Amino acid sequence: MTTPWLNQALPLAVVLVSVVAAVIIFAAGEERRLLRIVVNLVAAGIKFALVVWIGLTVLAGNAPEFRYEILPGQELVLHADALSILFASLSALLWLVTTIYAIAYLERSPNRARFFGFFSLCVTSTMGISMAGNLFTFFLFYELLTLTTWPLVVHSGTPQALAAGRSYLRYTLTGGVLFLAGVLWLYGLAGSVEFTPGGTLSGLGEEYAIQLRVIFVLLVAGMGVKAALVPLHGWLPVAMVAPAPVSALLHAVAVVKAGAFALIRLVEDVYGFELMCELGLQLPLMLLAATTIVFGSVRALQQSSIKRRLAYSTVSQVSYIVLGIATGGLLATAGGMVHLVNQGIMKITLFFCAGVFGLALGVNRVKELDGMGYRAPWTSACFSIAAIGMIGVPPVAGFVTKWYLGSGALAVGQPWVVAVLITSALLNAMYFLPLLKRIWLVRPAPGAGPAEYLGRIEHVALVGSAVVTASLSVAIALLAAHRLSPLSWVLRIASEYFP
Amino acid sequence: MSALIASLLPLILAVAVLVPGRSRQLAIAVAPWLPLSLLWPAFVGGGCDCGDLLLGLRLGVDPVTGPLLLLCALAWTTAGWFAGQRVGEAPVLFWGGWLASLGGMSLLLLARDIAGLYIGYAILSLASWLLVVHAQNKAAWRAGTVYLIMALVGEMAVFAGVVAIVSQVGNAELLALEAPAVLEAHWRWLLFAGYAVKMGMLGLHLWLPLAHPVAPVPASAILSGVIVKAGLVGWLRLLPPGSGMEAASDLLIALGLFTAFGGVALGLAQDRIKVVLAYSTISQMGLVLAAFGALLATDQPLAAYAWLGVLILHHGLNKASLFLACGCAPGRGFGRGVLLALPALALSGAPLTTGVLGKHGLKTIFHDAGFGDGWILVLSLTSTATALLLWRFWRLARAETSHQSAHPAWLVLTAAAVVVPWVWAAIAGLDIVYPLTHVPAALWPLVLAAVLILIAGRFPVIGRIRVPPGDLVVVVERIVAAAVRAWRRIAPEPPDIAFHASGRPGHAMIRSAERYLRAVPVAGFLILVVGALMWLMVS
């Protein structure tokens, strides 16, 4: 299926496709609208196809890898394993859908070339993060992600957007400094840290235990900013001033998931679960995740802006991933990893719908949702499906996560995790169900008309994107036991770490 | 295959109802007759190993769910027939909820794996809310809120118990009255309590008397007749003998009898017919709970279950018939009086009715489990209690003389209630001759009831005691309202843009703490402090 050359080229190609797209888009300028649309869609399609190709290669047992000595003694490594394919395929698929959505959404806005240029670079960084084979490469692409998403956050140029951008940079660059400190220290101790299942650090002796603990804290802090762990989550609700496609991408695919993915790599491939437990770091990490889960949901209850409510919901839900990883054992780890996919798809649906509510109906606050079921039925339906999925009601994706997290926690003897899951589910119900009641069971205010779109294509692109992701979120639960479902893929990954 | 279609079709049609036009019309036209499709797998015995669906779905019919499938098919179809011609308002809300509840119930009954059972139960619980709030007036919203909160909390308790089982045995296959896993006490009781909410065990019953009067008549019929028994299915599937629950069999019987008598006591203090019937359901489910407790103590649970199946069939059909009667002006005319009297007498355990079959079954279960004559006496007294309550219902119902016409579905369901339990018991090979012929055993509780009614007639003050429907709900609502007011005072809604300095005193505690935390130097320092604390804790 692959020659050695292809083995090397594939990971690099996946990362470079969007760089090429970005260059073309910037060079073409603001006026070449059709060219931009074509380049965007073609690049997204090619990327997705490449990721599928690599996925099949990995399934066949190969391990495509690209190495390049970028500094003396330091290699840039792009390596595709099952875990990278999980994140890369999620990103590539959702990038394709978000591109369609963003093209339609931004029809009414200026500076689209700038937006799509940085959009493509942002996905480059995400692909790089997923394919990174050592901590150094990972760090490079992680910081590149920060720099390429900042222009998207401040895209609208208003004072609020600029202030949100400043806050975003303050948080993520500080996190980057801590991350770098951890990486350098670790490299000093252990040399180049390649991602290997079970980690490479267990060979270090007892005398390094204290240093390893401090490094872990630094790395968790650095990664935790993007993963929106409490108290490092402050940038996320504020970044909601960005346009809806950016929020969708940030919250479902790129930044927050990258943070969670980073923590997965840290716990499983850098330190290894065993070492983390030996160092006594498991329980603090679990507690941190649990605190974030409950805190995020409690804050979400208090929000009256739809997007901010969804932002706090993200803060809470992404920590399910961290909780699953920290709990350990096959089932809980699988539950945490599969939530990368589940939460991504459900959250992106919610943000697509929130974007439509804002753009075509001018609705940004919870109390304006009255009667939305009459005004925008398809969008409201997608919103409802994703919302009940977040609560954990079957047969939508979220319940698969809850099932595995709950049983996994009990299988390793941590029953309090079940209490956290239940509390979170009830809180989710408290802040999502009233929205659904308003949407479907309350009459719209007099004078509130149906959604206004610029044209049929815009309408189909916006609502269709939401329909696609909502259907996916149901399909991955309905067919969860199928061998091609995300759950099956994740169980395969997790069984490598917990045979 | 038949099982797969029977469980998926209602959910597919529920989605079809949402699409306006031909799709909706077709779905609503087919909906009343859909429950009959449950008879197909019941007769064919069809199973399905649809391993790719959900978390490894397995469907099938076994002796535990046999009587429930029959009950569901009969009661749900006749109620649907009634609804098709009587429910005109908000059809999307009604039929969407109707079909989704049916889908959840079908999945619950046909599931042979734990995930399928849980998923069906979750869908059923949430879809029933749509039926409760159908009227969309103040009473309906209140009932809906109480229902939803209790359903969600109950479902979370069930979830906790289910993952406790799954953590031991994965998504195991469920066999007839064989426990999938042994559970520790706290998980068992959580699981039990979660399902007990649905059954209306006293203490967890608060939603029932509120939900029944506000739901449309056919919806109340299936709520009491079929849906509450989903709790029993949960107990039978996940807490049968072998799960550890048998140690508590005495306590369960006590809880059941407490519910049986308590439900009647509260029901006697009501003055609306549907609320009285709701409390009667609570009381009868108490009897079912007691029977379940006794079943746990027998060494032949399947044989004992055969009688429990008859009891459930008898109660479900008769209760659904009484609810349909509430929508047919039962006070007009002699014929309607007869149709009203038949199920009422049956539920009271009058001779020659299906009630004696049910009572005999109950006594047989207790006898086989080794309980003595004292308990049998108490069971007979529950007949007296039920008779008192249904007499009250009769008096109130006969005063309903509005102009509503009698729907043929009521007649069909009543006829089914008279005949089907006997036929079922005969097919199951149970002894139906004994209860038919031993009249005095069935008669004396009713005579006692009559005597008590005559005595109570001398003290009119007894008849004037009133308890609000939902009894303790009123107290709980007051406490919750006070708590919400207190919360709103300490944590008001924050403004959206965090950048405008607001000079207001009395900022929300959490909000001001978060604003402080957002200043990066504080965040950085805090990270180092937290990190240092973690290090100290673990080194």
# chains A, B, ... in the order shown; residues from 1 in each chain; ligands from 1
>>> closest_atom_pairs(of="region 249-310 of chain A", to="region 149-167 of chain A", cutoff="10 Å", atoms="only C-alpha atoms", output="CSV")
residue,atom,partner,partner_atom,distance
A:Leu249,CA,A:Thr149,CA,9.8
A:Leu250,CA,A:Thr149,CA,8.2
A:Ala254,CA,A:Thr149,CA,8.9
A:Val255,CA,A:Thr149,CA,8.2
>>> select_by_dssp(residues="region 64-134 of chain B", states="alpha helix (DSSP H)", output="VMD selection string")
chain B and resid 66 to 86 91 to 110 114 to 132
>>> interface_residues(of="chain A", to="chain B", cutoff="7 Å", atoms="only C-alpha atoms", output="VMD selection string")
chain A and resid 213 217 221 234 280 284 302 to 303 393 to 394 403 406 to 408 410 to 411 418 422 477 to 482
>>> residues_around(residues="Phe295 (chain A)", least_positions_apart="4", cutoff="10 Å", atoms="only C-alpha atoms", output="list in words")
Leu229, Val230, Pro231, Ala289, Ala290, Thr291, Arg299, Ala300, Tyr312, Ser313, Val315, Ser316 and Ser424 of chain A; Ile510 of chain B
>>> write_last_selection(atoms="N, CA and C atoms", output="CSV table (one decimal), in the first residue's frame")
chain,number,residue,atom,x,y,z
A,229,LEU,N,-8.9,24.1,31.7
A,229,LEU,CA,-9.0,23.7,33.0
A,229,LEU,C,-9.2,24.8,34.0
A,230,VAL,N,-10.0,24.7,35.0
A,230,VAL,CA,-10.1,25.7,36.0
A,230,VAL,C,-8.8,25.8,36.8
A,231,PRO,N,-8.2,26.9,37.1
A,231,PRO,CA,-8.7,28.3,36.9
A,231,PRO,C,-8.1,29.0,35.7
A,289,ALA,N,-9.9,17.8,37.2
A,289,ALA,CA,-10.9,17.6,36.1
A,289,ALA,C,-12.3,17.7,36.7
A,290,ALA,N,-12.5,17.0,37.8
A,290,ALA,CA,-13.8,17.0,38.4
A,290,ALA,C,-14.3,18.4,38.8
A,291,THR,N,-13.4,19.2,39.4
A,291,THR,CA,-13.7,20.5,39.8
A,291,THR,C,-14.1,21.4,38.5
A,299,ARG,N,-21.4,27.6,36.3
A,299,ARG,CA,-21.3,28.9,35.7
A,299,ARG,C,-22.2,29.0,34.4
A,300,ALA,N,-22.3,27.9,33.7
A,300,ALA,CA,-23.2,27.9,32.5
A,300,ALA,C,-24.6,28.3,32.9
A,312,TYR,N,-19.2,27.9,28.6
A,312,TYR,CA,-19.0,27.2,29.9
A,312,TYR,C,-19.3,25.8,29.8
A,313,SER,N,-20.3,25.4,29.0
A,313,SER,CA,-20.5,24.0,28.8
A,313,SER,C,-19.3,23.3,28.2
A,315,VAL,N,-16.2,24.2,28.7
A,315,VAL,CA,-15.2,24.1,29.8
A,315,VAL,C,-15.5,22.8,30.6
A,316,SER,N,-16.8,22.6,30.9
A,316,SER,CA,-17.1,21.5,31.7
A,316,SER,C,-16.9,20.2,30.9
A,424,SER,N,-23.0,16.4,37.0
A,424,SER,CA,-22.9,17.2,35.8
A,424,SER,C,-24.0,17.0,34.8
B,510,ILE,N,-19.2,34.1,43.3
B,510,ILE,CA,-18.4,33.3,42.3
B,510,ILE,C,-17.9,34.3,41.2
>>> atom_distance(atom1="CA of Leu94 (chain A)", atom2="CA of Gly329 (chain A)")
29.0 Å
>>> closest_residue(among="B:Leu289, B:Ala449, B:Ile427, B:Leu396", to="Ala350 (chain B)", atoms="only C-alpha atoms")
B:Ala449
>>> closest_residue(among="B:Pro351, B:Gly316, B:Gly84, B:Pro213", to="Thr414 (chain B)", atoms="only C-alpha atoms")
B:Gly316
>>> residues_around(residues="Leu275 (chain A)", least_positions_apart="5", cutoff="10 Å", atoms="only C-alpha atoms", output="PyMOL selection string")
chain A and resi 198-203+209+212+267-268+270+280-282
>>> residues_around(residues="Ala132 (chain A)", least_positions_apart="3", cutoff="9 Å", atoms="only C-alpha atoms", output="list in words")
Leu76, Val77, Leu78, His79, Ala80, Ser84, Met127, Gly128, Ile129, Leu135, Phe136, Thr137, Phe138, Phe139, Phe141 and Phe195 of chain A
>>> write_last_selection(atoms="all heavy atoms", output="compact mmCIF listing (two decimals), in the first residue's frame")
# COMPACT_ATOMS: atom_id res chain seq x y z
N LEU A 76 12.33 17.20 14.01
CA LEU A 76 10.91 17.41 13.84
C LEU A 76 10.33 16.06 13.41
O LEU A 76 10.74 15.51 12.40
CB LEU A 76 10.68 18.45 12.74
CG LEU A 76 9.27 18.97 12.56
CD1 LEU A 76 9.02 20.09 13.55
CD2 LEU A 76 9.06 19.48 11.16
N VAL A 77 9.43 15.52 14.16
CA VAL A 77 8.90 14.19 13.85
C VAL A 77 7.40 14.26 13.66
O VAL A 77 6.67 14.71 14.54
CB VAL A 77 9.20 13.20 15.02
CG1 VAL A 77 8.63 11.83 14.69
CG2 VAL A 77 10.69 13.13 15.28
N LEU A 78 6.96 13.79 12.48
CA LEU A 78 5.52 13.65 12.25
C LEU A 78 5.22 12.16 12.13
O LEU A 78 5.76 11.48 11.27
CB LEU A 78 5.11 14.36 10.96
CG LEU A 78 5.22 15.87 10.99
CD1 LEU A 78 4.92 16.44 9.62
CD2 LEU A 78 4.25 16.46 12.01
N HIS A 79 4.36 11.67 13.01
CA HIS A 79 4.20 10.24 13.14
C HIS A 79 2.72 9.93 13.27
O HIS A 79 2.02 10.58 14.04
CB HIS A 79 4.97 9.81 14.40
CG HIS A 79 4.73 8.40 14.78
ND1 HIS A 79 5.49 7.36 14.29
CD2 HIS A 79 3.83 7.84 15.61
CE1 HIS A 79 5.06 6.23 14.82
NE2 HIS A 79 4.07 6.49 15.62
N ALA A 80 2.26 8.97 12.47
CA ALA A 80 0.83 8.66 12.52
C ALA A 80 0.58 7.36 13.26
O ALA A 80 0.97 6.31 12.80
CB ALA A 80 0.28 8.56 11.10
N SER A 84 -3.29 9.53 16.72
CA SER A 84 -3.23 10.70 15.84
C SER A 84 -4.33 10.65 14.82
O SER A 84 -4.90 11.68 14.48
CB SER A 84 -1.93 10.85 15.06
OG SER A 84 -0.99 9.92 15.37
N MET A 127 -3.38 19.78 12.47
CA MET A 127 -2.88 18.54 11.88
C MET A 127 -1.49 18.24 12.43
O MET A 127 -1.14 17.09 12.70
CB MET A 127 -2.80 18.66 10.36
CG MET A 127 -4.14 18.59 9.68
SD MET A 127 -4.89 16.98 9.94
CE MET A 127 -6.55 17.48 10.23
N GLY A 128 -0.67 19.29 12.54
CA GLY A 128 0.66 19.10 13.09
C GLY A 128 0.61 18.56 14.51
O GLY A 128 1.38 17.68 14.89
N ILE A 129 -0.31 19.10 15.30
CA ILE A 129 -0.45 18.63 16.68
C ILE A 129 -0.83 17.16 16.69
O ILE A 129 -0.29 16.36 17.45
CB ILE A 129 -1.50 19.48 17.41
CG1 ILE A 129 -0.95 20.87 17.70
CG2 ILE A 129 -1.92 18.82 18.70
CD1 ILE A 129 -1.97 21.81 18.30
N LEU A 135 7.76 15.57 21.78
CA LEU A 135 7.23 16.69 22.55
C LEU A 135 7.64 18.02 21.92
O LEU A 135 6.89 19.00 21.94
CB LEU A 135 7.75 16.58 23.98
CG LEU A 135 6.92 17.23 25.10
CD1 LEU A 135 5.46 16.88 24.99
CD2 LEU A 135 7.48 16.80 26.45
N PHE A 136 8.83 18.06 21.32
CA PHE A 136 9.32 19.29 20.73
C PHE A 136 8.44 19.70 19.54
O PHE A 136 8.01 20.85 19.43
CB PHE A 136 10.78 19.08 20.30
CG PHE A 136 11.33 20.15 19.43
CD1 PHE A 136 11.59 21.40 19.95
CD2 PHE A 136 11.58 19.92 18.09
CE1 PHE A 136 12.09 22.40 19.16
CE2 PHE A 136 12.09 20.93 17.28
CZ PHE A 136 12.35 22.17 17.81
N THR A 137 8.18 18.74 18.65
CA THR A 137 7.32 19.02 17.50
C THR A 137 5.94 19.45 17.97
O THR A 137 5.34 20.39 17.44
CB THR A 137 7.16 17.76 16.63
OG1 THR A 137 8.42 17.14 16.47
CG2 THR A 137 6.54 18.08 15.31
N PHE A 138 5.47 18.73 18.98
CA PHE A 138 4.16 19.04 19.52
C PHE A 138 4.12 20.48 20.00
O PHE A 138 3.19 21.23 19.68
CB PHE A 138 3.86 18.08 20.69
CG PHE A 138 2.43 18.09 21.13
CD1 PHE A 138 1.56 17.14 20.62
CD2 PHE A 138 1.96 19.02 22.04
CE1 PHE A 138 0.24 17.12 21.02
CE2 PHE A 138 0.64 19.02 22.43
CZ PHE A 138 -0.23 18.07 21.91
N PHE A 139 5.15 20.89 20.72
CA PHE A 139 5.19 22.25 21.26
C PHE A 139 5.20 23.28 20.13
O PHE A 139 4.50 24.29 20.20
CB PHE A 139 6.42 22.42 22.15
CG PHE A 139 6.64 23.82 22.58
CD1 PHE A 139 5.84 24.39 23.57
CD2 PHE A 139 7.61 24.61 21.99
CE1 PHE A 139 6.02 25.71 23.95
CE2 PHE A 139 7.79 25.93 22.38
CZ PHE A 139 7.00 26.48 23.36
N PHE A 141 3.96 23.11 17.06
CA PHE A 141 2.65 23.27 16.44
C PHE A 141 1.62 23.82 17.42
O PHE A 141 0.69 24.52 17.03
CB PHE A 141 2.16 21.95 15.85
CG PHE A 141 2.81 21.61 14.54
CD1 PHE A 141 3.79 20.63 14.48
CD2 PHE A 141 2.46 22.28 13.39
CE1 PHE A 141 4.39 20.33 13.27
CE2 PHE A 141 3.06 21.99 12.18
CZ PHE A 141 4.03 21.01 12.12
N PHE A 195 6.98 10.21 21.60
CA PHE A 195 5.72 9.68 22.12
C PHE A 195 5.72 8.17 21.96
O PHE A 195 5.72 7.66 20.85
CB PHE A 195 4.53 10.26 21.37
CG PHE A 195 4.30 11.71 21.68
CD1 PHE A 195 3.81 12.57 20.70
CD2 PHE A 195 4.52 12.24 22.94
CE1 PHE A 195 3.57 13.91 20.97
CE2 PHE A 195 4.30 13.57 23.23
CZ PHE A 195 3.82 14.40 22.23
>>> residues_around(residues="Met223 (chain A)", least_positions_apart="5", cutoff="8 Å", atoms="only C-alpha atoms", output="PyMOL selection string")
chain A and resi 175-176+179+259-260+262-263
>>> closest_residue(among="A:Arg112, A:Arg456, A:Arg492, A:Arg170", to="Leu86 (chain A)", atoms="only C-alpha atoms")
A:Arg492
>>> closest_residue(among="A:Gln211, A:Ser120, A:Ser297, A:Ser384", to="Gln317 (chain A)", atoms="only C-alpha atoms")
A:Ser297
>>> residues_around(residues="Ala494 (chain A)", least_positions_apart="5", cutoff="12 Å", atoms="only C-alpha atoms", output="PyMOL selection string")
chain A and resi 82-83+86+197-198+264+268-269+273+324-325+328-338+404+408+487-489+499
>>> closest_atom_pairs(of="region 100-140 of chain A", to="region 342-359 of chain A", cutoff="12 Å", atoms="only C-alpha atoms", output="Markdown table")
| residue | atom | partner | partner_atom | distance |
| --- | --- | --- | --- | --- |
| A:Ile100 | CA | A:Phe352 | CA | 11.1 |
| A:Tyr101 | CA | A:Phe352 | CA | 7.7 |
| A:Ala102 | CA | A:Phe352 | CA | 9.5 |
| A:Ala104 | CA | A:Val356 | CA | 10.5 |
| A:Tyr105 | CA | A:Leu359 | CA | 7.7 |
| A:Leu106 | CA | A:Leu359 | CA | 9.7 |
| A:Glu107 | CA | A:Leu359 | CA | 10.9 |
| A:Arg108 | CA | A:Leu359 | CA | 9.6 |
| A:Ser109 | CA | A:Leu359 | CA | 11.1 |
>>> write_last_selection(atoms="N, CA and C atoms", output="PDB file, in the first residue's frame")
ATOM      1  N   ILE A 100     -17.543  24.878   4.792  1.00  0.00           N
ATOM      2  CA  ILE A 100     -18.801  25.152   4.094  1.00  0.00           C
ATOM      3  C   ILE A 100     -19.627  26.158   4.884  1.00  0.00           C
ATOM      4  N   TYR A 101     -19.710  25.917   6.185  1.00  0.00           N
ATOM      5  CA  TYR A 101     -20.494  26.805   7.034  1.00  0.00           C
ATOM      6  C   TYR A 101     -19.918  28.208   7.023  1.00  0.00           C
ATOM      7  N   ALA A 102     -18.571  28.294   7.122  1.00  0.00           N
ATOM      8  CA  ALA A 102     -17.946  29.611   7.234  1.00  0.00           C
ATOM      9  C   ALA A 102     -18.093  30.387   5.924  1.00  0.00           C
ATOM     10  N   ALA A 104     -20.542  30.303   3.895  1.00  0.00           N
ATOM     11  CA  ALA A 104     -21.881  30.886   3.862  1.00  0.00           C
ATOM     12  C   ALA A 104     -22.050  31.962   4.929  1.00  0.00           C
ATOM     13  N   TYR A 105     -21.514  31.717   6.121  1.00  0.00           N
ATOM     14  CA  TYR A 105     -21.735  32.628   7.244  1.00  0.00           C
ATOM     15  C   TYR A 105     -21.117  33.988   6.982  1.00  0.00           C
ATOM     16  N   LEU A 106     -19.902  33.975   6.347  1.00  0.00           N
ATOM     17  CA  LEU A 106     -19.173  35.230   6.231  1.00  0.00           C
ATOM     18  C   LEU A 106     -19.484  35.966   4.946  1.00  0.00           C
ATOM     19  N   GLU A 107     -20.504  35.501   4.205  1.00  0.00           N
ATOM     20  CA  GLU A 107     -20.893  36.186   2.976  1.00  0.00           C
ATOM     21  C   GLU A 107     -21.165  37.655   3.227  1.00  0.00           C
ATOM     22  N   ARG A 108     -21.584  37.965   4.415  1.00  0.00           N
ATOM     23  CA  ARG A 108     -21.971  39.341   4.686  1.00  0.00           C
ATOM     24  C   ARG A 108     -20.844  40.140   5.320  1.00  0.00           C
ATOM     25  N   SER A 109     -19.674  39.473   5.493  1.00  0.00           N
ATOM     26  CA  SER A 109     -18.607  40.192   6.226  1.00  0.00           C
ATOM     27  C   SER A 109     -17.458  40.554   5.313  1.00  0.00           C
TER      28      SER A 109
END
>>> atom_distance(atom1="CA of Met199 (chain B)", atom2="CA of Ile227 (chain B)")
8.6 Å
>>> decode(residues="region 265-273 of chain A", atoms="all heavy atoms", output="PDB file, in the first residue's frame")
ATOM      1  N   ARG A 265      -1.730  12.879  25.383  1.00  0.00           N
ATOM      2  CA  ARG A 265      -0.368  12.494  25.032  1.00  0.00           C
ATOM      3  C   ARG A 265       0.539  12.516  26.252  1.00  0.00           C
ATOM      4  O   ARG A 265       1.379  11.631  26.452  1.00  0.00           O
ATOM      5  CB  ARG A 265       0.193  13.467  23.970  1.00  0.00           C
ATOM      6  CG  ARG A 265      -0.295  13.249  22.570  1.00  0.00           C
ATOM      7  CD  ARG A 265       0.284  12.011  21.973  1.00  0.00           C
ATOM      8  NE  ARG A 265       0.101  11.955  20.529  1.00  0.00           N
ATOM      9  CZ  ARG A 265       0.083  10.839  19.840  1.00  0.00           C
ATOM     10  NH1 ARG A 265       0.221   9.679  20.452  1.00  0.00           N
ATOM     11  NH2 ARG A 265      -0.079  10.865  18.540  1.00  0.00           N
ATOM     12  N   LEU A 266       0.334  13.548  27.092  1.00  0.00           N
ATOM     13  CA  LEU A 266       1.187  13.676  28.281  1.00  0.00           C
ATOM     14  C   LEU A 266       1.026  12.464  29.197  1.00  0.00           C
ATOM     15  O   LEU A 266       1.999  11.848  29.625  1.00  0.00           O
ATOM     16  CB  LEU A 266       0.825  14.962  29.034  1.00  0.00           C
ATOM     17  CG  LEU A 266       1.567  15.190  30.356  1.00  0.00           C
ATOM     18  CD1 LEU A 266       3.015  15.471  30.087  1.00  0.00           C
ATOM     19  CD2 LEU A 266       0.937  16.341  31.131  1.00  0.00           C
ATOM     20  N   VAL A 267      -0.220  12.129  29.489  1.00  0.00           N
ATOM     21  CA  VAL A 267      -0.460  11.072  30.467  1.00  0.00           C
ATOM     22  C   VAL A 267      -0.122   9.701  29.889  1.00  0.00           C
ATOM     23  O   VAL A 267       0.398   8.833  30.584  1.00  0.00           O
ATOM     24  CB  VAL A 267      -1.921  11.115  30.939  1.00  0.00           C
ATOM     25  CG1 VAL A 267      -2.272   9.900  31.771  1.00  0.00           C
ATOM     26  CG2 VAL A 267      -2.171  12.382  31.727  1.00  0.00           C
ATOM     27  N   GLU A 268      -0.445   9.488  28.617  1.00  0.00           N
ATOM     28  CA  GLU A 268      -0.278   8.131  28.075  1.00  0.00           C
ATOM     29  C   GLU A 268       1.069   7.902  27.421  1.00  0.00           C
ATOM     30  O   GLU A 268       1.639   6.824  27.537  1.00  0.00           O
ATOM     31  CB  GLU A 268      -1.387   7.841  27.038  1.00  0.00           C
ATOM     32  CG  GLU A 268      -2.795   8.061  27.541  1.00  0.00           C
ATOM     33  CD  GLU A 268      -3.230   7.043  28.581  1.00  0.00           C
ATOM     34  OE1 GLU A 268      -2.471   6.110  28.872  1.00  0.00           O
ATOM     35  OE2 GLU A 268      -4.341   7.191  29.093  1.00  0.00           O
ATOM     36  N   ASP A 269       1.583   8.920  26.680  1.00  0.00           N
ATOM     37  CA  ASP A 269       2.758   8.670  25.850  1.00  0.00           C
ATOM     38  C   ASP A 269       4.033   9.316  26.366  1.00  0.00           C
ATOM     39  O   ASP A 269       5.111   8.992  25.872  1.00  0.00           O
ATOM     40  CB  ASP A 269       2.507   9.173  24.415  1.00  0.00           C
ATOM     41  CG  ASP A 269       1.493   8.310  23.703  1.00  0.00           C
ATOM     42  OD1 ASP A 269       1.377   7.130  24.052  1.00  0.00           O
ATOM     43  OD2 ASP A 269       0.817   8.824  22.796  1.00  0.00           O
ATOM     44  N   VAL A 270       3.950  10.258  27.275  1.00  0.00           N
ATOM     45  CA  VAL A 270       5.173  10.882  27.777  1.00  0.00           C
ATOM     46  C   VAL A 270       5.501  10.296  29.151  1.00  0.00           C
ATOM     47  O   VAL A 270       6.559   9.722  29.362  1.00  0.00           O
ATOM     48  CB  VAL A 270       5.019  12.415  27.869  1.00  0.00           C
ATOM     49  CG1 VAL A 270       6.232  13.022  28.551  1.00  0.00           C
ATOM     50  CG2 VAL A 270       4.820  13.007  26.498  1.00  0.00           C
ATOM     51  N   TYR A 271       4.542  10.425  30.076  1.00  0.00           N
ATOM     52  CA  TYR A 271       4.787   9.873  31.400  1.00  0.00           C
ATOM     53  C   TYR A 271       4.372   8.413  31.472  1.00  0.00           C
ATOM     54  O   TYR A 271       5.020   7.598  32.104  1.00  0.00           O
ATOM     55  CB  TYR A 271       4.005  10.675  32.445  1.00  0.00           C
ATOM     56  CG  TYR A 271       4.758  11.862  32.972  1.00  0.00           C
ATOM     57  CD1 TYR A 271       5.068  12.946  32.171  1.00  0.00           C
ATOM     58  CD2 TYR A 271       5.181  11.890  34.289  1.00  0.00           C
ATOM     59  CE1 TYR A 271       5.771  14.016  32.665  1.00  0.00           C
ATOM     60  CE2 TYR A 271       5.883  12.969  34.802  1.00  0.00           C
ATOM     61  CZ  TYR A 271       6.176  14.028  33.978  1.00  0.00           C
ATOM     62  OH  TYR A 271       6.874  15.096  34.475  1.00  0.00           O
ATOM     63  N   GLY A 272       3.283   8.092  30.847  1.00  0.00           N
ATOM     64  CA  GLY A 272       2.728   6.746  31.026  1.00  0.00           C
ATOM     65  C   GLY A 272       1.845   6.736  32.261  1.00  0.00           C
ATOM     66  O   GLY A 272       2.148   7.382  33.258  1.00  0.00           O
ATOM     67  N   PHE A 273       0.763   6.009  32.206  1.00  0.00           N
ATOM     68  CA  PHE A 273      -0.206   6.011  33.295  1.00  0.00           C
ATOM     69  C   PHE A 273       0.402   5.465  34.582  1.00  0.00           C
ATOM     70  O   PHE A 273       0.178   6.003  35.667  1.00  0.00           O
ATOM     71  CB  PHE A 273      -1.439   5.195  32.875  1.00  0.00           C
ATOM     72  CG  PHE A 273      -2.516   5.199  33.901  1.00  0.00           C
ATOM     73  CD1 PHE A 273      -3.316   6.310  34.064  1.00  0.00           C
ATOM     74  CD2 PHE A 273      -2.712   4.109  34.729  1.00  0.00           C
ATOM     75  CE1 PHE A 273      -4.303   6.335  35.038  1.00  0.00           C
ATOM     76  CE2 PHE A 273      -3.690   4.121  35.692  1.00  0.00           C
ATOM     77  CZ  PHE A 273      -4.492   5.237  35.849  1.00  0.00           C
TER      78      PHE A 273
END
